[in-house]
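What follows is the content of query20.pdb, which has PDB, C-alpha atoms:
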```pdb
ATOM      1  CA  MET A  23      79.035 108.594  77.501
ATOM      2  CA  GLU A  24      81.378 105.798  76.503
ATOM      3  CA  ALA A  25      83.987 104.587  78.972
ATOM      4  CA  THR A  26      86.723 105.764  76.666
ATOM      5  CA  ASP A  27      85.332 109.262  76.062
ATOM      6  CA  ARG A  28      87.751 111.748  77.512
ATOM      7  CA  VAL A  29      86.708 114.239  80.172
ATOM      8  CA  ARG A  30      88.320 117.608  80.813
ATOM      9  CA  ILE A  31      89.321 118.099  84.431
ATOM     10  CA  ALA A  32      91.231 120.718  86.371
ATOM     11  CA  MET A  33      92.716 120.703  89.841
ATOM     12  CA  GLN A  34      95.203 122.481  92.080
ATOM     13  CA  VAL A  35      98.175 120.302  92.943
ATOM     14  CA  ASN A  36     100.662 121.664  95.477
ATOM     15  CA  GLU A  37      99.208 125.147  94.889
ATOM     16  CA  ALA A  38      99.701 125.079  91.118
ATOM     17  CA  SER A  39      96.913 124.732  88.555
ATOM     18  CA  PHE A  40      96.740 121.731  86.255
ATOM     19  CA  GLU A  41      94.355 120.639  83.546
ATOM     20  CA  GLY A  42      94.026 117.368  81.774
ATOM     21  CA  GLU A  43      91.877 115.180  79.589
ATOM     22  CA  VAL A  44      91.293 111.740  81.025
ATOM     23  CA  GLU A  45      89.250 108.660  80.448
ATOM     24  CA  PRO A  46      86.617 108.464  83.209
ATOM     25  CA  ARG A  47      88.115 105.168  84.405
ATOM     26  CA  LYS A  48      91.554 106.649  85.116
ATOM     27  CA  THR A  49      92.450 106.719  88.790
ATOM     28  CA  LEU A  50      93.542 109.884  90.526
ATOM     29  CA  ALA A  51      96.872 108.195  91.314
ATOM     30  CA  ASP A  52      97.541 107.391  87.657
ATOM     31  CA  PHE A  53      96.534 110.913  86.595
ATOM     32  CA  LEU A  54      98.883 112.498  89.124
ATOM     33  CA  ARG A  55     101.766 110.133  88.352
ATOM     34  CA  GLU A  56     101.498 109.643  84.592
ATOM     35  CA  ASP A  57      99.894 112.845  83.339
ATOM     36  CA  LEU A  58     101.262 115.357  85.843
ATOM     37  CA  GLY A  59     104.520 113.624  86.856
ATOM     38  CA  PHE A  60     104.055 113.479  90.623
ATOM     39  CA  THR A  61     105.867 110.174  90.988
ATOM     40  CA  GLY A  62     106.343 110.678  94.715
ATOM     41  CA  ILE A  63     102.900 109.056  94.857
ATOM     42  CA  HIS A  64     103.573 105.347  94.976
ATOM     43  CA  LEU A  65     101.381 102.466  93.914
ATOM     44  CA  GLY A  66     101.815  99.425  96.089
ATOM     45  CA  CYS A  67      98.539  97.520  96.049
ATOM     46  CA  GLU A  68      96.250  99.596  93.829
ATOM     47  CA  HIS A  69      93.226  98.672  95.907
ATOM     48  CA  GLY A  70      93.281 100.957  98.897
ATOM     49  CA  VAL A  71      95.107  98.750 101.369
ATOM     50  CA  CYS A  72      98.752  99.841 101.510
ATOM     51  CA  GLY A  73      98.422 103.641 101.631
ATOM     52  CA  ALA A  74     101.529 104.354  99.536
ATOM     53  CA  CYS A  75      99.360 106.449  97.198
ATOM     54  CA  SER A  76      98.035 108.717  99.967
ATOM     55  CA  VAL A  77      97.511 112.376  99.097
ATOM     56  CA  LEU A  78      95.628 115.189 100.793
ATOM     57  CA  LEU A  79      92.408 116.008  98.956
ATOM     58  CA  ASN A  80      90.976 119.311 100.153
ATOM     59  CA  GLY A  81      93.095 118.801 103.264
ATOM     60  CA  ALA A  82      92.006 115.252 104.130
ATOM     61  CA  VAL A  83      94.125 112.176 103.529
ATOM     62  CA  VAL A  84      92.777 109.820 100.845
ATOM     63  CA  HIS A  85      94.040 106.818  98.916
ATOM     64  CA  SER A  86      94.426 108.162  95.389
ATOM     65  CA  CYS A  87      94.418 104.674  93.832
ATOM     66  CA  ILE A  88      90.751 104.134  94.684
ATOM     67  CA  LEU A  89      89.551 107.563  93.602
ATOM     68  CA  LEU A  90      88.934 108.438  90.005
ATOM     69  CA  ALA A  91      90.636 111.471  88.563
ATOM     70  CA  VAL A  92      87.253 112.860  87.511
ATOM     71  CA  GLN A  93      86.099 112.713  91.137
ATOM     72  CA  ALA A  94      88.914 115.083  92.071
ATOM     73  CA  ASP A  95      87.937 117.629  89.423
ATOM     74  CA  GLY A  96      88.067 121.101  90.970
ATOM     75  CA  SER A  97      89.776 119.948  94.158
ATOM     76  CA  GLN A  98      92.991 120.906  95.923
ATOM     77  CA  ILE A  99      95.590 118.170  96.201
ATOM     78  CA  THR A 100      98.764 118.035  98.254
ATOM     79  CA  THR A 101     101.356 115.394  97.411
ATOM     80  CA  VAL A 102     104.667 114.669  99.105
ATOM     81  CA  GLU A 103     106.335 116.937  96.541
ATOM     82  CA  GLY A 104     104.398 119.865  98.012
ATOM     83  CA  LEU A 105     105.549 119.434 101.606
ATOM     84  CA  SER A 106     108.953 121.095 101.532
ATOM     85  CA  LYS A 107     109.423 124.731 100.692
ATOM     86  CA  GLY A 108     112.494 124.749  98.481
ATOM     87  CA  ASP A 109     115.277 123.163 100.499
ATOM     88  CA  GLU A 110     113.416 123.597 103.753
ATOM     89  CA  LEU A 111     111.809 120.356 104.808
ATOM     90  CA  HIS A 112     108.406 120.139 106.421
ATOM     91  CA  PRO A 113     108.695 119.420 110.187
ATOM     92  CA  MET A 114     107.282 115.939 109.576
ATOM     93  CA  GLN A 115     109.916 115.236 106.909
ATOM     94  CA  ARG A 116     112.643 116.383 109.300
ATOM     95  CA  ALA A 117     111.282 114.174 112.067
ATOM     96  CA  PHE A 118     111.308 111.152 109.738
ATOM     97  CA  LEU A 119     114.942 111.847 108.864
ATOM     98  CA  GLU A 120     116.034 112.377 112.450
ATOM     99  CA  HIS A 121     114.308 109.264 113.785
ATOM    100  CA  HIS A 122     115.273 106.977 110.916
ATOM    101  CA  ALA A 123     111.606 106.341 110.201
ATOM    102  CA  LEU A 124     112.256 104.890 106.762
ATOM    103  CA  GLN A 125     114.425 102.423 104.956
ATOM    104  CA  CYS A 126     113.436 101.878 101.331
ATOM    105  CA  GLY A 127     111.210 104.960 101.355
ATOM    106  CA  PHE A 128     108.359 103.509  99.318
ATOM    107  CA  CYS A 129     105.709 103.982 102.011
ATOM    108  CA  THR A 130     107.191 107.246 103.283
ATOM    109  CA  PRO A 131     105.200 109.771 101.203
ATOM    110  CA  GLY A 132     101.933 108.201 102.326
ATOM    111  CA  MET A 133     103.116 107.965 105.925
ATOM    112  CA  LEU A 134     104.069 111.648 105.941
ATOM    113  CA  LEU A 135     100.703 112.778 104.601
ATOM    114  CA  ALA A 136      98.707 110.520 106.939
ATOM    115  CA  ALA A 137     100.763 111.781 109.883
ATOM    116  CA  ILE A 138     100.240 115.408 108.870
ATOM    117  CA  ASP A 139      96.509 114.760 108.605
ATOM    118  CA  LEU A 140      96.585 113.298 112.132
ATOM    119  CA  LEU A 141      98.335 116.315 113.651
ATOM    120  CA  LYS A 142      95.740 118.603 112.157
ATOM    121  CA  HIS A 143      93.125 116.844 114.249
ATOM    122  CA  HIS A 144      95.241 115.873 117.275
ATOM    123  CA  ALA A 145      98.098 118.254 117.976
ATOM    124  CA  ASN A 146      99.448 116.012 120.737
ATOM    125  CA  PRO A 147      98.450 112.457 119.845
ATOM    126  CA  THR A 148      98.957 109.388 122.013
ATOM    127  CA  GLU A 149     100.863 106.421 120.637
ATOM    128  CA  THR A 150      97.537 104.634 120.166
ATOM    129  CA  GLN A 151      96.185 107.543 118.138
ATOM    130  CA  ILE A 152      99.334 107.628 115.997
ATOM    131  CA  ARG A 153      99.158 103.907 115.308
ATOM    132  CA  GLU A 154      95.445 104.164 114.531
ATOM    133  CA  ALA A 155      96.023 107.080 112.146
ATOM    134  CA  LEU A 156      98.780 105.185 110.325
ATOM    135  CA  SER A 157      96.877 101.903 110.202
ATOM    136  CA  GLY A 158      96.007 102.535 106.552
ATOM    137  CA  ASN A 159      99.682 102.781 105.622
ATOM    138  CA  LEU A 160     101.770  99.635 105.424
ATOM    139  CA  CYS A 161     105.551  99.577 105.867
ATOM    140  CA  MET A 162     107.443  96.389 105.082
ATOM    141  CA  CYS A 163     110.843  97.657 106.310
ATOM    142  CA  THR A 164     110.771  99.401 109.635
ATOM    143  CA  GLY A 165     108.387  97.634 111.976
ATOM    144  CA  TYR A 166     106.738 101.043 112.598
ATOM    145  CA  VAL A 167     108.493 101.831 115.894
ATOM    146  CA  ASN A 168     110.626 104.641 114.494
ATOM    147  CA  ILE A 169     107.738 105.963 112.406
ATOM    148  CA  VAL A 170     105.602 106.302 115.546
ATOM    149  CA  ARG A 171     108.537 107.979 117.309
ATOM    150  CA  ALA A 172     108.985 110.410 114.447
ATOM    151  CA  VAL A 173     105.331 111.432 114.423
ATOM    152  CA  ALA A 174     105.348 111.918 118.194
ATOM    153  CA  ALA A 175     108.520 113.997 117.920
ATOM    154  CA  ALA A 176     107.052 116.120 115.145
ATOM    155  CA  ALA A 177     104.008 116.774 117.301
ATOM    156  CA  GLN A 178     106.278 117.856 120.172
ATOM    157  CA  SER A 179     108.683 119.964 118.167
ATOM    158  CA  ALA A 180     106.542 121.579 115.524
ATOM    159  CA  PRO A 181     104.503 124.597 116.378
ATOM    160  CA  ALA A 182     100.891 123.769 115.651
ATOM    161  CA  GLN A 183     100.775 126.247 112.801
ATOM    162  CA  GLY A 184     103.761 124.525 111.184
ATOM    163  CA  ILE A 185     101.676 121.458 110.425
ATOM    164  CA  LYS A 186      99.629 122.327 107.409
TER
ATOM    165  CA  MET B  15     149.846 108.790 111.028
ATOM    166  CA  ASN B  16     147.040 111.101 111.901
ATOM    167  CA  SER B  17     144.413 109.337 113.856
ATOM    168  CA  VAL B  18     141.132 110.781 114.929
ATOM    169  CA  GLN B  19     139.220 109.131 117.695
ATOM    170  CA  VAL B  20     135.667 108.713 116.498
ATOM    171  CA  VAL B  21     133.198 106.867 118.617
ATOM    172  CA  TRP B  22     130.595 105.401 116.317
ATOM    173  CA  LYS B  23     128.998 103.021 118.745
ATOM    174  CA  GLY B  24     125.529 104.123 119.863
ATOM    175  CA  LYS B  25     125.394 107.090 117.505
ATOM    176  CA  ALA B  26     122.592 107.828 115.095
ATOM    177  CA  VAL B  27     124.107 108.359 111.675
ATOM    178  CA  PRO B  28     122.188 110.571 109.267
ATOM    179  CA  LEU B  29     121.646 108.640 106.052
ATOM    180  CA  ARG B  30     122.537 110.197 102.724
ATOM    181  CA  GLU B  31     119.653 108.686 100.805
ATOM    182  CA  ASP B  32     116.849 109.548 103.203
ATOM    183  CA  ARG B  33     116.446 113.155 102.125
ATOM    184  CA  ARG B  34     115.313 112.262  98.640
ATOM    185  CA  PHE B  35     112.989 109.616 100.014
ATOM    186  CA  VAL B  36     111.155 112.016 102.344
ATOM    187  CA  MET B  37     110.827 114.425  99.418
ATOM    188  CA  GLY B  38     109.236 111.810  97.181
ATOM    189  CA  GLN B  39     112.223 111.825  94.834
ATOM    190  CA  GLY B  40     113.205 108.169  95.075
ATOM    191  CA  THR B  41     113.149 106.242  91.811
ATOM    192  CA  TYR B  42     111.446 102.869  91.914
ATOM    193  CA  VAL B  43     110.727 100.315  89.211
ATOM    194  CA  GLY B  44     107.305 101.851  88.591
ATOM    195  CA  ASP B  45     108.956 105.216  87.874
ATOM    196  CA  LEU B  46     111.199 103.906  85.088
ATOM    197  CA  ASN B  47     110.091 104.936  81.626
ATOM    198  CA  PRO B  48     112.636 103.908  78.999
ATOM    199  CA  SER B  49     111.826 104.683  75.396
ATOM    200  CA  ARG B  50     109.760 102.067  73.564
ATOM    201  CA  MET B  51     108.766 100.506  76.879
ATOM    202  CA  LEU B  52     105.921  98.011  76.618
ATOM    203  CA  HIS B  53     103.430  97.177  79.328
ATOM    204  CA  VAL B  54     102.371  93.711  80.349
ATOM    205  CA  GLY B  55      99.051  92.442  81.587
ATOM    206  CA  ILE B  56      98.743  89.062  83.271
ATOM    207  CA  LEU B  57      95.671  86.943  82.575
ATOM    208  CA  ARG B  58      95.372  84.129  85.069
ATOM    209  CA  SER B  59      93.273  81.024  84.603
ATOM    210  CA  ILE B  60      89.665  81.330  85.634
ATOM    211  CA  HIS B  61      89.728  77.639  86.526
ATOM    212  CA  PRO B  62      91.314  76.610  89.845
ATOM    213  CA  HIS B  63      92.222  73.146  88.510
ATOM    214  CA  ALA B  64      92.022  72.163  84.871
ATOM    215  CA  LYS B  65      93.981  70.634  82.042
ATOM    216  CA  ILE B  66      94.995  73.112  79.353
ATOM    217  CA  VAL B  67      93.825  71.751  76.023
ATOM    218  CA  SER B  68      94.489  74.858  73.985
ATOM    219  CA  ILE B  69      94.680  78.633  74.355
ATOM    220  CA  ASP B  70      93.320  80.739  71.519
ATOM    221  CA  THR B  71      95.132  84.065  71.540
ATOM    222  CA  ARG B  72      93.792  85.384  68.211
ATOM    223  CA  GLU B  73      91.223  87.769  69.671
ATOM    224  CA  ALA B  74      93.739  89.260  72.119
ATOM    225  CA  LEU B  75      96.263  89.727  69.314
ATOM    226  CA  SER B  76      93.680  91.578  67.241
ATOM    227  CA  VAL B  77      93.312  94.343  69.848
ATOM    228  CA  PRO B  78      95.031  97.535  68.615
ATOM    229  CA  GLY B  79      98.336  98.124  70.375
ATOM    230  CA  VAL B  80      98.862  94.529  71.453
ATOM    231  CA  VAL B  81     102.395  93.538  70.460
ATOM    232  CA  ARG B  82     102.631  89.980  71.688
ATOM    233  CA  VAL B  83     100.639  87.411  73.619
ATOM    234  CA  LEU B  84     102.736  84.913  75.515
ATOM    235  CA  THR B  85     101.461  81.668  76.983
ATOM    236  CA  GLY B  86     103.015  78.921  79.059
ATOM    237  CA  GLU B  87     104.129  77.201  75.864
ATOM    238  CA  ASP B  88     106.158  80.299  74.977
ATOM    239  CA  ALA B  89     107.648  80.412  78.472
ATOM    240  CA  ALA B  90     108.753  76.781  78.118
ATOM    241  CA  ARG B  91     110.205  77.510  74.672
ATOM    242  CA  LEU B  92     111.957  80.766  75.578
ATOM    243  CA  THR B  93     113.188  80.074  79.089
ATOM    244  CA  ARG B  94     114.816  77.342  81.044
ATOM    245  CA  PRO B  95     113.244  75.845  84.176
ATOM    246  CA  LEU B  96     114.000  77.628  87.417
ATOM    247  CA  ARG B  97     116.636  76.114  89.595
ATOM    248  CA  PRO B  98     114.856  74.737  92.661
ATOM    249  CA  LEU B  99     115.902  76.529  95.839
ATOM    250  CA  VAL B 100     114.798  73.603  97.956
ATOM    251  CA  PRO B 101     114.842  69.925  97.039
ATOM    252  CA  LEU B 102     111.571  69.076  95.326
ATOM    253  CA  PRO B 103     109.895  65.708  95.735
ATOM    254  CA  THR B 104     109.318  65.427  91.990
ATOM    255  CA  GLU B 105     111.314  65.777  88.809
ATOM    256  CA  VAL B 106     108.731  68.114  87.235
ATOM    257  CA  PRO B 107     110.546  71.092  85.688
ATOM    258  CA  ASN B 108     109.577  74.299  87.442
ATOM    259  CA  TYR B 109     109.009  77.088  84.899
ATOM    260  CA  CYS B 110     108.456  80.723  85.741
ATOM    261  CA  LEU B 111     104.893  81.622  86.654
ATOM    262  CA  ALA B 112     103.263  84.920  85.812
TER
END
```
Written as structure tokens, that's how I'd like the structure from this file.
Amino acid sequence: MEATDRVRIAMQVNEASFEGEVEPRKTLADFLREDLGFTGIHLGCEHGVCGACSVLLNGAVVHSCILLAVQADGSQITTVEGLSKGDELHPMQRAFLEHHALQCGFCTPGMLLAAIDLLKHHANPTETQIREALSGNLCMCTGYVNIVRAVAAAAQSAPAQGIK
Amino acid sequence: MNSVQVVWKGKAVPLREDRRFVMGQGTYVGDLNPSRMLHVGILRSIHPHAKIVSIDTREALSVPGVVRVLTGEDAARLTRPLRPLVPLPTEVPNYCLA
């Protein structure tokens, strides 16, 4: 197979089915942004350091800029666009709003997904656990204090089943 | 005159723009897609310190889809030197770097 031969792939994104034809070298982030239009995924560093491209792949948080689209063939993806249900925000989104956990918003989608992944494993995390879980997500605006507060508040306020 | 006493000090003010940001609906430079938009790739020198004798761009220009190849010579021809933000010890004009 040549590097430019296209490969058919299919995946569920935010509970809807999508298909596409991609070059094997195309990253999952580029496929989701360019081919499917999920521009809530942000590309900061494009080498797995900044976390702005974080998505949930089969429920676990991953950096979509260092995965290939073909590797995600047949998987279930959740992006930031899939968090709210209509106008109703996800508890983590509400907590970020209420605690002013963002300024420019570029890192926010990745932060939200990493934080949601954390609460699935630790319903009542310590500050150390929150900071550890968000260590793969860089924010150049806030200094992290309000982000940590927001995640802690979401853990307190949201019923465990609300964090999906 | 109607006056309403509002105490702002110490209050958290909900921000108008935050809702779209937490929903992933912000628009950043990477999301812009005007018609006929071109993309740029930057090729940096593979030599940490060298004198540029010549740059042969013919092979790059022959790649399908390549519209233009710009080098430092083009930058010097098409742009003016940057205004120094701090006093520089030399008079060397400071052109934009890729």
Can you give me, as a PDB file with C-alpha atoms, in the coordinates of the input, the residues this file yields under the PyMOL selection byres ((chain A and resi 128) around 12)?
```
ATOM      1  CA  THR A  61     105.867 110.174  90.988  1.00  0.00           C
ATOM      2  CA  GLY A  62     106.343 110.678  94.715  1.00  0.00           C
ATOM      3  CA  ILE A  63     102.900 109.056  94.857  1.00  0.00           C
ATOM      4  CA  HIS A  64     103.573 105.347  94.976  1.00  0.00           C
ATOM      5  CA  LEU A  65     101.381 102.466  93.914  1.00  0.00           C
ATOM      6  CA  GLY A  66     101.815  99.425  96.089  1.00  0.00           C
ATOM      7  CA  CYS A  67      98.539  97.520  96.049  1.00  0.00           C
ATOM      8  CA  CYS A  72      98.752  99.841 101.510  1.00  0.00           C
ATOM      9  CA  GLY A  73      98.422 103.641 101.631  1.00  0.00           C
ATOM     10  CA  ALA A  74     101.529 104.354  99.536  1.00  0.00           C
ATOM     11  CA  CYS A  75      99.360 106.449  97.198  1.00  0.00           C
ATOM     12  CA  SER A  76      98.035 108.717  99.967  1.00  0.00           C
ATOM     13  CA  VAL A 102     104.667 114.669  99.105  1.00  0.00           C
ATOM     14  CA  ALA A 123     111.606 106.341 110.201  1.00  0.00           C
ATOM     15  CA  LEU A 124     112.256 104.890 106.762  1.00  0.00           C
ATOM     16  CA  GLN A 125     114.425 102.423 104.956  1.00  0.00           C
ATOM     17  CA  CYS A 126     113.436 101.878 101.331  1.00  0.00           C
ATOM     18  CA  GLY A 127     111.210 104.960 101.355  1.00  0.00           C
ATOM     19  CA  CYS A 129     105.709 103.982 102.011  1.00  0.00           C
ATOM     20  CA  THR A 130     107.191 107.246 103.283  1.00  0.00           C
ATOM     21  CA  PRO A 131     105.200 109.771 101.203  1.00  0.00           C
ATOM     22  CA  GLY A 132     101.933 108.201 102.326  1.00  0.00           C
ATOM     23  CA  MET A 133     103.116 107.965 105.925  1.00  0.00           C
ATOM     24  CA  LEU A 134     104.069 111.648 105.941  1.00  0.00           C
ATOM     25  CA  ASN A 159      99.682 102.781 105.622  1.00  0.00           C
ATOM     26  CA  LEU A 160     101.770  99.635 105.424  1.00  0.00           C
ATOM     27  CA  CYS A 161     105.551  99.577 105.867  1.00  0.00           C
ATOM     28  CA  MET A 162     107.443  96.389 105.082  1.00  0.00           C
ATOM     29  CA  CYS A 163     110.843  97.657 106.310  1.00  0.00           C
ATOM     30  CA  THR A 164     110.771  99.401 109.635  1.00  0.00           C
TER      31      THR A 164
ATOM     32  CA  ASP B  32     116.849 109.548 103.203  1.00  0.00           C
ATOM     33  CA  ARG B  34     115.313 112.262  98.640  1.00  0.00           C
ATOM     34  CA  PHE B  35     112.989 109.616 100.014  1.00  0.00           C
ATOM     35  CA  VAL B  36     111.155 112.016 102.344  1.00  0.00           C
ATOM     36  CA  MET B  37     110.827 114.425  99.418  1.00  0.00           C
ATOM     37  CA  GLY B  38     109.236 111.810  97.181  1.00  0.00           C
ATOM     38  CA  GLN B  39     112.223 111.825  94.834  1.00  0.00           C
ATOM     39  CA  GLY B  40     113.205 108.169  95.075  1.00  0.00           C
ATOM     40  CA  THR B  41     113.149 106.242  91.811  1.00  0.00           C
ATOM     41  CA  TYR B  42     111.446 102.869  91.914  1.00  0.00           C
ATOM     42  CA  VAL B  43     110.727 100.315  89.211  1.00  0.00           C
ATOM     43  CA  GLY B  44     107.305 101.851  88.591  1.00  0.00           C
ATOM     44  CA  ASP B  45     108.956 105.216  87.874  1.00  0.00           C
TER      45      ASP B  45
END
```
(request) Excluding Gln151 (chain A) and any residue of its chain fewer than 5 positions from it, enumerate the residues within 12 Å of it, using only C-alpha atoms, and give them as an MDAnalysis selection string. (result) chainID A and resid 136:137 139:141 143:146 156:157 170 173:174
Which value, in Å to one decimal, gives the distance between CA of Val44 (chain A) and CA of Asp27 (chain A)?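 Answer for the CA of Val44 (chain A) to CA of Asp27 (chain A) separation: 8.1 Å.
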*Suppose you want the space between CA of Ile31 (chain A) and CA of Val84 (chain A); what is it in Å?*
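Spanning CA of Ile31 (chain A) to CA of Val84 (chain A) is a straight-line distance of 18.7 Å.
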Which residues would end up in the selection if the PyMOL selection byres ((chain B and resi 20-28) around 12) were applied here, given that I need the answer as a PyMOL selection string?
(chain A and resi 116-124) or (chain B and resi 17-19+29-33)
Selection dump of the PyMOL selection byres ((chain B and resi 53) around 12), as a ChimeraX atom specification:
/B:44,46-52,54-56,79-83
note - CA of Leu89 (chain A) and CA of Ala38 (chain A) are separated by 20.4 Å
